[in-house]
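This is run_32.cif. It holds mmCIF, C-alpha atoms and all ligand atoms.
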data_start
loop_
_atom_site.label_atom_id
_atom_site.label_comp_id
_atom_site.auth_asym_id
_atom_site.auth_seq_id
_atom_site.Cartn_x
_atom_site.Cartn_y
_atom_site.Cartn_z
CA MET A 290 -17.33 38.99 17.83
CA ARG A 291 -15.65 36.07 16.12
CA ARG A 292 -18.93 35.11 14.58
CA LEU A 293 -19.66 38.63 13.40
CA ALA A 294 -16.20 38.90 11.90
CA SER A 295 -16.59 35.65 10.01
CA VAL A 296 -20.01 36.66 8.73
CA SER A 297 -18.72 39.92 7.36
CA LEU A 298 -15.66 38.23 5.85
CA PHE A 299 -18.02 35.79 4.19
CA GLY A 300 -20.02 38.75 2.92
CA VAL A 301 -16.93 40.33 1.40
CA LEU A 302 -15.88 37.06 -0.22
CA ALA A 303 -19.37 36.40 -1.53
CA PHE A 304 -19.44 39.88 -3.02
CA ALA A 305 -16.08 39.35 -4.70
CA ALA A 306 -17.07 35.88 -5.88
CA ALA A 307 -20.21 37.25 -7.50
CA GLY A 308 -17.68 38.57 -10.01
CA ALA A 309 -19.82 39.95 -12.75
CA GLN A 310 -22.22 42.60 -11.61
CA THR A 311 -24.94 40.34 -12.98
CA MET A 312 -26.47 39.46 -9.62
CA ASP A 313 -25.64 42.69 -7.78
CA VAL A 314 -28.00 44.57 -10.04
CA ALA A 315 -31.09 43.53 -12.00
CA ALA A 316 -32.28 40.80 -9.61
CA THR A 317 -35.61 41.53 -11.29
CA PRO A 318 -35.99 43.00 -14.81
CA PRO A 319 -34.85 46.66 -14.87
CA MET A 320 -37.64 49.25 -14.87
CA GLY A 321 -37.33 52.85 -15.95
CA TRP A 322 -37.57 55.17 -18.92
CA ASN A 323 -35.41 55.72 -22.01
CA SER A 324 -35.26 58.76 -24.28
CA TRP A 325 -35.04 57.03 -27.67
CA ASN A 326 -38.59 56.03 -28.63
CA HIS A 327 -39.97 59.54 -28.23
CA PHE A 328 -37.05 62.00 -28.41
CA ALA A 329 -34.59 60.04 -30.63
CA GLY A 330 -31.72 62.35 -31.68
CA ARG A 331 -33.29 65.53 -30.25
CA VAL A 332 -32.95 64.67 -26.54
CA THR A 333 -31.52 67.33 -24.21
CA ASP A 334 -30.46 67.69 -20.58
CA ARG A 335 -33.72 69.52 -19.99
CA ASP A 336 -35.78 66.59 -21.34
CA ILE A 337 -33.98 64.20 -18.99
CA ARG A 338 -34.64 66.45 -15.99
CA ALA A 339 -38.30 66.78 -17.00
CA ALA A 340 -38.55 62.99 -17.34
CA ALA A 341 -37.11 62.56 -13.84
CA ASP A 342 -39.58 65.12 -12.45
CA GLN A 343 -42.46 63.34 -14.17
CA MET A 344 -41.39 59.89 -12.99
CA VAL A 345 -42.04 61.24 -9.50
CA ALA A 346 -45.17 63.31 -10.30
CA THR A 347 -46.99 60.57 -12.23
CA GLY A 348 -46.35 57.89 -9.60
CA MET A 349 -44.06 55.91 -11.91
CA ARG A 350 -41.16 56.02 -9.46
CA ASP A 351 -43.37 54.75 -6.67
CA ALA A 352 -44.68 52.01 -8.99
CA GLY A 353 -41.09 50.75 -9.39
CA TYR A 354 -39.62 52.63 -12.37
CA VAL A 355 -36.06 53.53 -11.36
CA TYR A 356 -33.75 54.24 -14.32
CA VAL A 357 -33.83 57.41 -16.41
CA ASN A 358 -31.79 56.44 -19.45
CA ILE A 359 -30.20 58.75 -22.00
CA ASP A 360 -29.98 56.91 -25.32
CA ASP A 361 -27.74 57.79 -28.27
CA THR A 362 -26.79 61.35 -29.33
CA TRP A 363 -25.36 62.84 -26.10
CA GLU A 364 -21.74 62.32 -27.23
CA ALA A 365 -19.25 64.77 -28.74
CA GLY A 366 -15.63 63.88 -29.61
CA ARG A 367 -12.73 63.37 -27.19
CA ASP A 368 -10.32 65.74 -25.53
CA ALA A 369 -6.52 65.56 -25.98
CA GLN A 370 -6.30 62.88 -23.28
CA GLY A 371 -8.97 60.79 -24.99
CA ASN A 372 -11.73 61.53 -22.50
CA ILE A 373 -15.22 61.36 -23.96
CA LEU A 374 -16.95 64.75 -24.22
CA THR A 375 -20.63 65.60 -24.10
CA ASN A 376 -22.19 67.81 -26.76
CA ASP A 377 -23.88 71.14 -26.05
CA ARG A 378 -27.27 69.51 -25.42
CA PHE A 379 -25.67 67.96 -22.30
CA PRO A 380 -23.54 70.69 -20.73
CA ASP A 381 -22.77 68.89 -17.46
CA MET A 382 -23.37 65.15 -17.16
CA LYS A 383 -22.27 64.92 -13.52
CA ALA A 384 -24.70 67.66 -12.50
CA LEU A 385 -27.46 65.92 -14.47
CA ALA A 386 -26.73 62.62 -12.71
CA GLU A 387 -26.84 64.40 -9.35
CA TYR A 388 -30.20 65.90 -10.25
CA VAL A 389 -31.66 62.52 -11.23
CA HIS A 390 -30.25 60.92 -8.07
CA SER A 391 -31.77 63.70 -5.94
CA LYS A 392 -35.18 62.49 -7.11
CA GLY A 393 -34.53 59.01 -5.77
CA LEU A 394 -33.87 57.70 -9.29
CA LYS A 395 -30.90 56.28 -11.19
CA ILE A 396 -29.41 57.37 -14.50
CA GLY A 397 -28.35 55.47 -17.60
CA ILE A 398 -26.27 56.28 -20.65
CA TYR A 399 -25.50 54.77 -24.08
CA SER A 400 -22.43 53.83 -26.11
CA SER A 401 -21.07 51.38 -28.68
CA PRO A 402 -18.01 49.13 -28.90
CA GLY A 403 -17.48 50.63 -32.35
CA PRO A 404 -15.78 53.91 -33.26
CA LYS A 405 -19.29 55.26 -33.96
CA THR A 406 -22.73 54.64 -32.45
CA CYS A 407 -25.82 53.80 -34.49
CA GLY A 408 -26.54 57.51 -34.74
CA GLY A 409 -22.99 58.25 -35.96
CA TYR A 410 -21.81 59.73 -32.63
CA GLU A 411 -18.56 58.93 -30.80
CA GLY A 412 -18.32 55.29 -29.64
CA SER A 413 -16.05 53.63 -27.06
CA TYR A 414 -13.74 51.74 -29.47
CA GLN A 415 -10.26 51.54 -27.88
CA HIS A 416 -11.43 53.74 -24.98
CA GLU A 417 -13.48 51.17 -23.09
CA GLU A 418 -11.76 51.39 -19.69
CA GLN A 419 -11.45 55.14 -19.89
CA ASP A 420 -15.16 55.53 -20.71
CA ALA A 421 -16.26 53.12 -17.97
CA LYS A 422 -14.25 55.19 -15.48
CA THR A 423 -15.80 58.39 -16.78
CA TYR A 424 -19.29 56.94 -16.41
CA ALA A 425 -18.52 55.91 -12.83
CA THR A 426 -17.14 59.39 -12.08
CA TRP A 427 -20.30 60.97 -13.43
CA GLY A 428 -22.44 58.63 -11.28
CA ILE A 429 -23.90 56.54 -14.09
CA ASP A 430 -25.91 53.46 -13.02
CA TYR A 431 -26.79 51.78 -16.36
CA LEU A 432 -25.08 51.40 -19.75
CA LYS A 433 -26.79 50.40 -22.99
CA TYR A 434 -24.02 49.19 -25.29
CA ASP A 435 -25.03 48.96 -28.92
CA LEU A 436 -23.00 46.91 -31.43
CA CYS A 437 -23.60 49.23 -34.40
CA GLY A 438 -20.28 50.81 -35.46
CA TYR A 439 -18.34 47.75 -34.34
CA GLY A 440 -19.80 45.98 -37.37
CA GLU A 441 -17.29 47.77 -39.61
CA ILE A 442 -14.39 46.58 -37.43
CA MET A 443 -15.75 43.01 -37.66
CA ASP A 444 -16.08 43.35 -41.44
CA ARG A 445 -12.58 44.72 -41.76
CA GLU A 446 -10.87 42.13 -39.56
CA ALA A 447 -13.02 39.01 -40.03
CA GLY A 448 -14.31 39.54 -43.57
CA THR A 449 -16.68 36.71 -44.44
CA ASP A 450 -15.50 34.48 -41.56
CA GLN A 451 -18.68 34.60 -39.49
CA GLU A 452 -17.31 32.53 -36.60
CA ARG A 453 -14.43 34.94 -36.22
CA ALA A 454 -16.75 37.93 -36.45
CA TYR A 455 -18.97 36.49 -33.70
CA ALA A 456 -15.93 35.78 -31.49
CA MET A 457 -14.85 39.41 -31.95
CA MET A 458 -18.33 40.61 -31.01
CA ARG A 459 -18.33 38.58 -27.79
CA ALA A 460 -14.86 39.80 -26.92
CA ALA A 461 -15.86 43.43 -27.51
CA PHE A 462 -18.89 43.07 -25.22
CA ALA A 463 -16.84 41.20 -22.59
CA LYS A 464 -14.25 43.98 -22.64
CA MET A 465 -16.73 46.64 -21.60
CA GLY A 466 -18.33 44.21 -19.10
CA GLU A 467 -14.93 43.83 -17.46
CA ALA A 468 -14.26 47.58 -17.60
CA LEU A 469 -17.54 48.33 -15.85
CA ARG A 470 -16.86 45.73 -13.18
CA THR A 471 -13.40 47.19 -12.59
CA THR A 472 -14.91 50.57 -11.72
CA GLY A 473 -16.42 48.98 -8.60
CA ARG A 474 -19.66 50.86 -9.21
CA PRO A 475 -22.79 48.72 -9.72
CA ILE A 476 -23.76 49.50 -13.32
CA VAL A 477 -26.49 47.58 -15.15
CA TYR A 478 -25.02 46.32 -18.43
CA SER A 479 -27.50 46.19 -21.32
CA LEU A 480 -26.45 44.85 -24.72
CA SER A 481 -28.06 45.95 -27.94
CA GLN A 482 -27.88 44.08 -31.21
CA SER A 483 -30.66 42.23 -32.98
CA GLY A 484 -30.27 38.86 -31.25
CA TRP A 485 -27.40 37.73 -33.52
CA ASP A 486 -25.55 34.55 -32.69
CA SER A 487 -28.38 33.60 -30.28
CA ILE A 488 -27.09 36.15 -27.79
CA TRP A 489 -29.40 34.75 -25.08
CA ARG A 490 -27.09 31.72 -24.92
CA TRP A 491 -23.98 33.72 -24.01
CA GLY A 492 -25.15 37.15 -22.75
CA PRO A 493 -24.38 36.35 -19.08
CA SER A 494 -20.88 35.09 -19.95
CA VAL A 495 -19.85 38.59 -21.08
CA GLY A 496 -21.21 40.17 -17.88
CA SER A 497 -24.49 41.36 -19.38
CA ASN A 498 -27.67 41.82 -17.35
CA LEU A 499 -29.96 42.10 -20.37
CA TRP A 500 -29.66 41.76 -24.09
CA ARG A 501 -31.89 42.71 -26.96
CA THR A 502 -33.38 39.68 -28.72
CA THR A 503 -34.79 41.45 -31.80
CA GLY A 504 -34.48 44.48 -34.06
CA ASP A 505 -36.09 47.79 -33.13
CA ILE A 506 -39.67 48.12 -31.95
CA LYS A 507 -42.02 50.67 -33.57
CA ASP A 508 -45.16 52.30 -32.22
CA SER A 509 -47.44 49.98 -34.20
CA TYR A 510 -49.44 46.93 -33.15
CA GLY A 511 -47.99 44.91 -36.02
CA ARG A 512 -44.34 45.45 -35.05
CA MET A 513 -44.96 45.20 -31.28
CA ALA A 514 -46.86 41.91 -31.75
CA GLU A 515 -44.28 40.54 -34.19
CA ILE A 516 -41.52 41.12 -31.61
CA GLY A 517 -43.45 40.14 -28.47
CA PHE A 518 -45.03 36.93 -29.72
CA SER A 519 -41.72 35.81 -31.31
CA GLN A 520 -40.20 35.37 -27.84
CA ALA A 521 -41.60 31.84 -27.42
CA GLY A 522 -38.90 29.40 -26.39
CA LEU A 523 -36.50 31.93 -24.84
CA ALA A 524 -37.77 31.59 -21.25
CA ARG A 525 -35.05 29.23 -20.10
CA TYR A 526 -32.34 31.83 -20.80
CA ALA A 527 -33.74 34.47 -18.40
CA GLY A 528 -33.40 34.64 -14.64
CA PRO A 529 -32.32 36.93 -11.81
CA GLY A 530 -29.46 39.12 -13.03
CA HIS A 531 -29.85 38.24 -16.73
CA TRP A 532 -32.88 38.98 -18.90
CA ASN A 533 -34.07 38.76 -22.47
CA ASP A 534 -34.92 42.25 -23.77
CA PRO A 535 -37.56 42.47 -26.53
CA ASP A 536 -36.95 46.28 -26.65
CA MET A 537 -38.48 49.27 -24.91
CA LEU A 538 -42.12 50.16 -24.43
CA GLU A 539 -44.12 52.31 -26.84
CA ILE A 540 -47.06 52.84 -24.48
CA GLY A 541 -48.22 56.45 -24.68
CA ASN A 542 -46.56 57.30 -27.99
CA GLY A 543 -49.98 57.52 -29.60
CA LYS A 544 -50.17 55.07 -32.51
CA MET A 545 -51.79 52.11 -30.75
CA THR A 546 -55.21 51.77 -29.12
CA THR A 547 -55.67 51.31 -25.38
CA ASP A 548 -56.36 47.59 -25.96
CA GLU A 549 -53.14 47.30 -27.98
CA TYR A 550 -51.04 49.10 -25.34
CA THR A 551 -52.63 46.84 -22.70
CA THR A 552 -51.50 43.84 -24.77
CA HIS A 553 -47.98 45.37 -25.01
CA MET A 554 -47.71 45.81 -21.21
CA THR A 555 -49.20 42.40 -20.42
CA LEU A 556 -47.01 40.50 -22.87
CA TRP A 557 -43.83 42.26 -21.66
CA ALA A 558 -44.77 41.46 -18.03
CA ILE A 559 -45.34 37.78 -18.82
CA LEU A 560 -41.98 37.79 -20.65
CA ALA A 561 -40.26 39.20 -17.52
CA ALA A 562 -38.99 41.85 -19.93
CA PRO A 563 -37.29 45.07 -18.84
CA LEU A 564 -40.02 47.72 -18.53
CA LEU A 565 -38.49 50.86 -20.02
CA ALA A 566 -41.17 53.38 -20.89
CA GLY A 567 -40.40 55.37 -24.03
CA ASN A 568 -43.04 58.07 -24.11
CA ASP A 569 -43.12 61.80 -23.33
CA LEU A 570 -43.86 61.69 -19.60
CA THR A 571 -44.92 65.35 -19.60
CA ARG A 572 -47.98 64.47 -21.69
CA MET A 573 -49.34 61.17 -20.41
CA SER A 574 -53.03 60.40 -20.77
CA PRO A 575 -54.78 58.91 -17.72
CA ALA A 576 -55.26 55.68 -19.72
CA ASP A 577 -51.53 55.37 -20.49
CA THR A 578 -50.60 56.19 -16.88
CA ALA A 579 -53.03 53.52 -15.68
CA ILE A 580 -51.45 50.90 -17.97
CA LEU A 581 -47.86 51.78 -17.04
CA THR A 582 -48.48 51.96 -13.28
CA ASN A 583 -50.88 49.04 -12.79
CA LYS A 584 -49.48 47.37 -9.68
CA ASP A 585 -50.69 43.86 -10.51
CA VAL A 586 -49.16 43.71 -13.98
CA ILE A 587 -45.90 45.17 -12.63
CA ALA A 588 -45.92 42.51 -9.90
CA VAL A 589 -46.14 39.83 -12.60
CA ASP A 590 -43.09 41.28 -14.37
CA GLN A 591 -41.14 41.78 -11.14
CA ASP A 592 -42.08 38.51 -9.45
CA PRO A 593 -39.02 37.50 -7.36
CA LEU A 594 -38.99 33.94 -8.71
CA GLY A 595 -37.60 35.51 -11.88
CA ARG A 596 -39.06 33.02 -14.35
CA GLN A 597 -39.85 34.28 -17.84
CA GLY A 598 -43.24 33.14 -19.14
CA ASP A 599 -43.82 31.23 -22.35
CA ARG A 600 -46.57 30.29 -24.80
CA VAL A 601 -48.70 27.33 -23.77
CA SER A 602 -51.04 27.27 -26.75
CA ALA A 603 -51.72 28.88 -30.10
CA GLU A 604 -54.87 28.30 -32.09
CA GLY A 605 -55.54 30.56 -35.05
CA PRO A 606 -55.43 34.13 -33.69
CA PHE A 607 -55.66 33.00 -30.04
CA GLU A 608 -52.54 32.60 -27.92
CA VAL A 609 -52.27 31.68 -24.25
CA TRP A 610 -49.07 32.58 -22.38
CA MET A 611 -48.25 31.61 -18.82
CA LYS A 612 -45.71 32.78 -16.22
CA PRO A 613 -45.12 30.91 -12.95
CA LEU A 614 -45.02 33.11 -9.83
CA ARG A 615 -43.20 32.58 -6.56
CA ASN A 616 -46.31 31.98 -4.46
CA GLY A 617 -47.30 29.01 -6.62
CA SER A 618 -49.89 30.95 -8.63
CA VAL A 619 -49.52 31.50 -12.35
CA ALA A 620 -50.16 34.59 -14.46
CA VAL A 621 -52.05 33.71 -17.63
CA GLY A 622 -52.50 35.99 -20.65
CA LEU A 623 -55.35 35.23 -23.04
CA PHE A 624 -54.34 37.11 -26.19
CA ASN A 625 -56.65 37.69 -29.13
CA ARG A 626 -54.44 38.64 -32.09
CA GLY A 627 -57.46 38.78 -34.40
CA GLU A 628 -59.47 41.88 -35.33
CA ASP A 629 -62.81 41.01 -33.68
CA MET A 630 -64.00 40.43 -30.13
CA GLU A 631 -64.01 36.69 -29.37
CA ALA A 632 -64.68 34.53 -26.31
CA MET A 633 -61.64 32.85 -24.74
CA SER A 634 -61.45 30.35 -21.86
CA LEU A 635 -58.78 29.36 -19.38
CA PRO A 636 -56.94 26.19 -20.46
CA ALA A 637 -57.26 23.08 -18.24
CA ALA A 638 -55.34 23.27 -14.94
CA SER A 639 -52.92 20.55 -16.10
CA VAL A 640 -51.93 22.66 -19.12
CA LEU A 641 -50.97 25.43 -16.66
CA GLY A 642 -48.97 23.04 -14.50
CA LEU A 643 -51.54 23.27 -11.68
CA LYS A 644 -53.36 20.47 -9.85
CA SER A 645 -56.59 22.44 -9.67
CA VAL A 646 -57.83 26.01 -9.96
CA ARG A 647 -59.03 27.49 -6.69
CA SER A 648 -59.52 31.11 -7.69
CA ILE A 649 -58.98 33.52 -10.57
CA ARG A 650 -58.48 37.27 -10.52
CA ASN A 651 -58.70 39.35 -13.66
CA VAL A 652 -56.06 42.12 -13.54
CA TRP A 653 -57.43 44.53 -16.14
CA SER A 654 -61.10 44.09 -15.09
CA SER A 655 -60.38 44.46 -11.41
CA GLY A 656 -62.92 42.80 -9.20
CA ASP A 657 -63.76 40.18 -11.83
CA THR A 658 -63.25 36.78 -10.22
CA THR A 659 -65.46 34.75 -12.55
CA LYS A 660 -64.20 31.60 -14.25
CA GLY A 661 -64.85 32.86 -17.78
CA PRO A 662 -65.11 32.52 -20.70
CA TRP A 663 -64.09 36.14 -21.24
CA LYS A 664 -64.89 38.31 -24.24
CA VAL A 665 -61.48 39.48 -25.41
CA PRO A 666 -61.42 42.45 -27.82
CA GLY A 667 -59.49 42.29 -31.09
CA HIS A 668 -55.75 42.96 -30.42
CA GLY A 669 -56.67 42.75 -26.71
CA VAL A 670 -55.92 40.54 -23.75
CA GLU A 671 -57.19 39.27 -20.43
CA LEU A 672 -54.53 38.90 -17.73
CA LEU A 673 -55.54 36.38 -15.06
CA ILE A 674 -53.83 35.54 -11.81
CA VAL A 675 -54.73 31.90 -11.23
CA HIS A 676 -54.36 30.35 -7.79
C1 LIG B 1 -30.27 51.23 -32.34
C2 LIG B 1 -30.98 50.69 -31.11
C3 LIG B 1 -32.04 51.68 -30.67
C4 LIG B 1 -31.41 53.03 -30.39
C5 LIG B 1 -30.65 53.51 -31.61
C6 LIG B 1 -29.83 54.76 -31.30
O1 LIG B 1 -31.12 51.29 -33.43
O2 LIG B 1 -31.57 49.44 -31.36
O3 LIG B 1 -32.72 51.20 -29.51
O4 LIG B 1 -30.54 52.91 -29.29
O5 LIG B 1 -29.73 52.52 -32.07
O6 LIG B 1 -29.06 55.21 -32.38
#
Give the structure from the file, written as structure tokens.
Ligand code: GLA
Amino acid sequence: MRRLASVSLFGVLAFAAAGAQTMDVAATPPMGWNSWNHFAGRVTDRDIRAAADQMVATGMRDAGYVYVNIDDTWEAGRDAQGNILTNDRFPDMKALAEYVHSKGLKIGIYSSPGPKTCGGYEGSYQHEEQDAKTYATWGIDYLKYDLCGYGEIMDREAGTDQERAYAMMRAAFAKMGEALRTTGRPIVYSLSQSGWDSIWRWGPSVGSNLWRTTGDIKDSYGRMAEIGFSQAGLARYAGPGHWNDPDMLEIGNGKMTTDEYTTHMTLWAILAAPLLAGNDLTRMSPADTAILTNKDVIAVDQDPLGRQGDRVSAEGPFEVWMKPLRNGSVAVGLFNRGEDMEAMSLPAASVLGLKSVRSIRNVWSSGDTTKGPWKVPGHGVELLIVH
């Protein structure tokens, strides 16, 4: 009995000592879906319910996608007591959260430290604790907190003093981090700004589990590649409970080829990026479903070691990226950023931090265990698990 009592006391203390929710949630990069990339400002309660239904029907939930996240434009004003109100596209947020939870999923929401969000809706400025409590009462599991409208407060109070403006930004993010923690509910805390002030260096110190490192993604190969390949050098800042976020997925939104969407998924997995699908789940092609639910690529992203991958070589249009995995293997992406099919080979074992290469498995050409070289299509990739 004594022993049991001391173990549970230790458990309680360890939980309290964890302080920030950073390690209680997001031990691996968050996976789910977000309304913005497809629905933008038109999203409704019905779309969120349909997304939850489809997460189950398409096998996404069983592949590991958990969060159904409402982005900007759900907010109305405040009542006389200052409580945040939902607009008529979201008649009952608590009932919606219950619905999403009943599907074995979790639900996310969006706000800003400013008086207004990016879309011009009501933000949390001077209502941080009240809003965090409201989210917890509704049953919210994830908050995306977008700097946006707070920029005008920074301008007003800090003027051209950039150091002061940055200090204000950190304090504003820390304030909501603390408010969420105080609710006692585990809520993933996602920060959104364009990577200003090298946010990867201080994101965890304000209680954040993930932070955007770039401006917004678009459903184009050019923009996706610009963002994804610019992540070189950031690996050391990611780890269990705190992740770099190169923005949400565009897979299935229709403006990239299957090879390009395969590159998108592979690069995000090697980056240990959050995997937040952003397409209309009610109209997924079999090819898009196959990319989003491929178990091997998801396992690379979600590997429990929690190491972000990085670039190991770049030569003209060819880039090789590598992510160490817990079982001692490495995931290697051979990316062809050029327009034409070209042959690519695996770099020497020493370049990959391995003593020797025993076996290779090609994720996207399942069953292929040859040692290359591989013909990689323009804008395409080979993803290899190298033992
Ligand atoms: C910013 C964010 C987007 C989205 C919109 C909503 O642009 O970067 O991801 O949340 O705001 O207004």
Show me, as AutoDock Vina command-line options, the centre and edge lengths in Å to one decimal of the axis-aligned box that covers every listed atom of ligand LIG 1 (chain B) with 8 Å on each side.
--center_x -30.9 --center_y 52.3 --center_z -31.4 --size_x 19.7 --size_y 21.8 --size_z 20.1
Requested in this report: Using all atoms listed in the file, find the one residue out of A:Gly473, A:Glu387, A:Lys433, A:Thr551 that sits nearest to Leu499 in chain A.
Outcome: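 Nearest candidate to Leu499 in chain A out of A:Gly473, A:Glu387, A:Lys433, A:Thr551: A:Lys433.
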Requested in this report: Please check which residues have atoms at most 9 Å from (-22.1, 46.6, -33.9) in the file's coordinates, counting all atoms listed in the file, and write them as a ChimeraX atom specification.
Outcome: /A:401-403,406-407,435-443,458,481-482
Requested in this report: Write as a ChimeraX atom specification the residues around ligand LIG 1 (chain B), taking 10 Å as the cut-off and counting all atoms listed in the file.
Outcome: /A:323-326,329-330,359-362,399-401,405-410,433-437,480-483,501,503-506,536-537
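Minimum distance to Asn651 in chain A across A:Asp313, A:Asp592, A:Glu608, A:Asp585 (counting only C-alpha atoms) occurs at A:Asp585.
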Query - Test item: which residues lie within 7 Å of (-43.6, 54.5, -14.9) counting all atoms listed in the file, as a PyMOL selection string - result: chain A and resi 321+344+348-350+352+354+566+581-582
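The spacing separating CA of Pro662 in chain A from CA of Met513 in chain A amounts to 26.1 Å.
Nearest to Ser509 in chain A of all the residues A:Ser655, A:Ala561, A:Met320, A:His668 is A:His668, based on all atoms listed in the file.
Remark: for Asn358 in chain A, the closest of the candidate residues A:Asp444, A:Glu418, A:Glu515, A:Asp336 is A:Asp336 (distances computed over all atoms listed in the file).
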Query raised in the report: Which residues, written as a ChimeraX atom specification, have at least one atom at most 8 Å from Ser634 in chain A, with all atoms listed in the file counted and residues fewer than 6 positions away on the same chain left out?
Result: /A:623,661-663
Query raised in the report: Within 10 Å of Gln520 in chain A, counting only C-alpha atoms, which residues qualify if same-chain residues fewer than 4 places away don't, as a list of chain:residue names?
Result: A:Thr502, A:Thr503, A:Glu515, A:Ile516, A:Ala524, A:Asn533, A:Asp534, A:Pro535, A:Leu556, A:Trp557, A:Leu560, A:Gly598, A:Asp599, A:Arg600
Query - Nearest to His416 in chain A by atom-to-atom distance, counting only C-alpha atoms, from A:Ala579, A:Ala620, A:Ile540, A:Ile373 - result: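 Ranking A:Ala579, A:Ala620, A:Ile540, A:Ile373 by distance to His416 in chain A, first place goes to A:Ile373.
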Query raised in the report: Between A:Met457, A:Gly353, A:Phe462, A:Met382, which is the closest to Glu417 in chain A once you count only C-alpha atoms?
Result: A:Phe462
Query raised in the report: Quick one, how far is CA of Trp491 in chain A from CA of Trp532 in chain A?
Result: 11.5 Å
Taking N, CA and C atoms as the atom set, what does range 579-592 of chain A look like once completed, written as a PDB file, keeping the file's coordinate frame?
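Below you can see rebuild-v9.pdb, which holds the result:
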ATOM      1  N   ALA A 579     -52.422  54.676 -16.352  1.00  0.00           N
ATOM      2  CA  ALA A 579     -53.030  53.520 -15.680  1.00  0.00           C
ATOM      3  C   ALA A 579     -52.380  52.218 -16.155  1.00  0.00           C
ATOM      4  N   ILE A 580     -52.085  52.125 -17.451  1.00  0.00           N
ATOM      5  CA  ILE A 580     -51.450  50.900 -17.970  1.00  0.00           C
ATOM      6  C   ILE A 580     -50.036  50.760 -17.394  1.00  0.00           C
ATOM      7  N   LEU A 581     -49.267  51.849 -17.460  1.00  0.00           N
ATOM      8  CA  LEU A 581     -47.860  51.780 -17.040  1.00  0.00           C
ATOM      9  C   LEU A 581     -47.687  51.584 -15.534  1.00  0.00           C
ATOM     10  N   THR A 582     -48.669  52.026 -14.738  1.00  0.00           N
ATOM     11  CA  THR A 582     -48.480  51.960 -13.280  1.00  0.00           C
ATOM     12  C   THR A 582     -49.375  50.922 -12.613  1.00  0.00           C
ATOM     13  N   ASN A 583     -50.032  50.080 -13.395  1.00  0.00           N
ATOM     14  CA  ASN A 583     -50.880  49.040 -12.790  1.00  0.00           C
ATOM     15  C   ASN A 583     -50.032  48.105 -11.916  1.00  0.00           C
ATOM     16  N   LYS A 584     -50.339  48.101 -10.636  1.00  0.00           N
ATOM     17  CA  LYS A 584     -49.480  47.370  -9.680  1.00  0.00           C
ATOM     18  C   LYS A 584     -49.479  45.865  -9.935  1.00  0.00           C
ATOM     19  N   ASP A 585     -50.617  45.314 -10.339  1.00  0.00           N
ATOM     20  CA  ASP A 585     -50.690  43.860 -10.510  1.00  0.00           C
ATOM     21  C   ASP A 585     -49.867  43.391 -11.708  1.00  0.00           C
ATOM     22  N   VAL A 586     -49.930  44.142 -12.806  1.00  0.00           N
ATOM     23  CA  VAL A 586     -49.160  43.710 -13.980  1.00  0.00           C
ATOM     24  C   VAL A 586     -47.657  43.892 -13.715  1.00  0.00           C
ATOM     25  N   ILE A 587     -47.308  44.956 -12.997  1.00  0.00           N
ATOM     26  CA  ILE A 587     -45.900  45.170 -12.630  1.00  0.00           C
ATOM     27  C   ILE A 587     -45.418  44.040 -11.721  1.00  0.00           C
ATOM     28  N   ALA A 588     -46.292  43.607 -10.804  1.00  0.00           N
ATOM     29  CA  ALA A 588     -45.920  42.510  -9.900  1.00  0.00           C
ATOM     30  C   ALA A 588     -45.665  41.214 -10.672  1.00  0.00           C
ATOM     31  N   VAL A 589     -46.380  41.015 -11.760  1.00  0.00           N
ATOM     32  CA  VAL A 589     -46.140  39.830 -12.600  1.00  0.00           C
ATOM     33  C   VAL A 589     -44.728  39.925 -13.197  1.00  0.00           C
ATOM     34  N   ASP A 590     -44.415  41.096 -13.766  1.00  0.00           N
ATOM     35  CA  ASP A 590     -43.090  41.280 -14.370  1.00  0.00           C
ATOM     36  C   ASP A 590     -41.980  41.116 -13.341  1.00  0.00           C
ATOM     37  N   GLN A 591     -42.201  41.698 -12.158  1.00  0.00           N
ATOM     38  CA  GLN A 591     -41.140  41.780 -11.140  1.00  0.00           C
ATOM     39  C   GLN A 591     -41.175  40.623 -10.151  1.00  0.00           C
ATOM     40  N   ASP A 592     -41.966  39.618 -10.401  1.00  0.00           N
ATOM     41  CA  ASP A 592     -42.080  38.510  -9.450  1.00  0.00           C
ATOM     42  C   ASP A 592     -40.672  37.979  -9.087  1.00  0.00           C
TER      43      ASP A 592
END
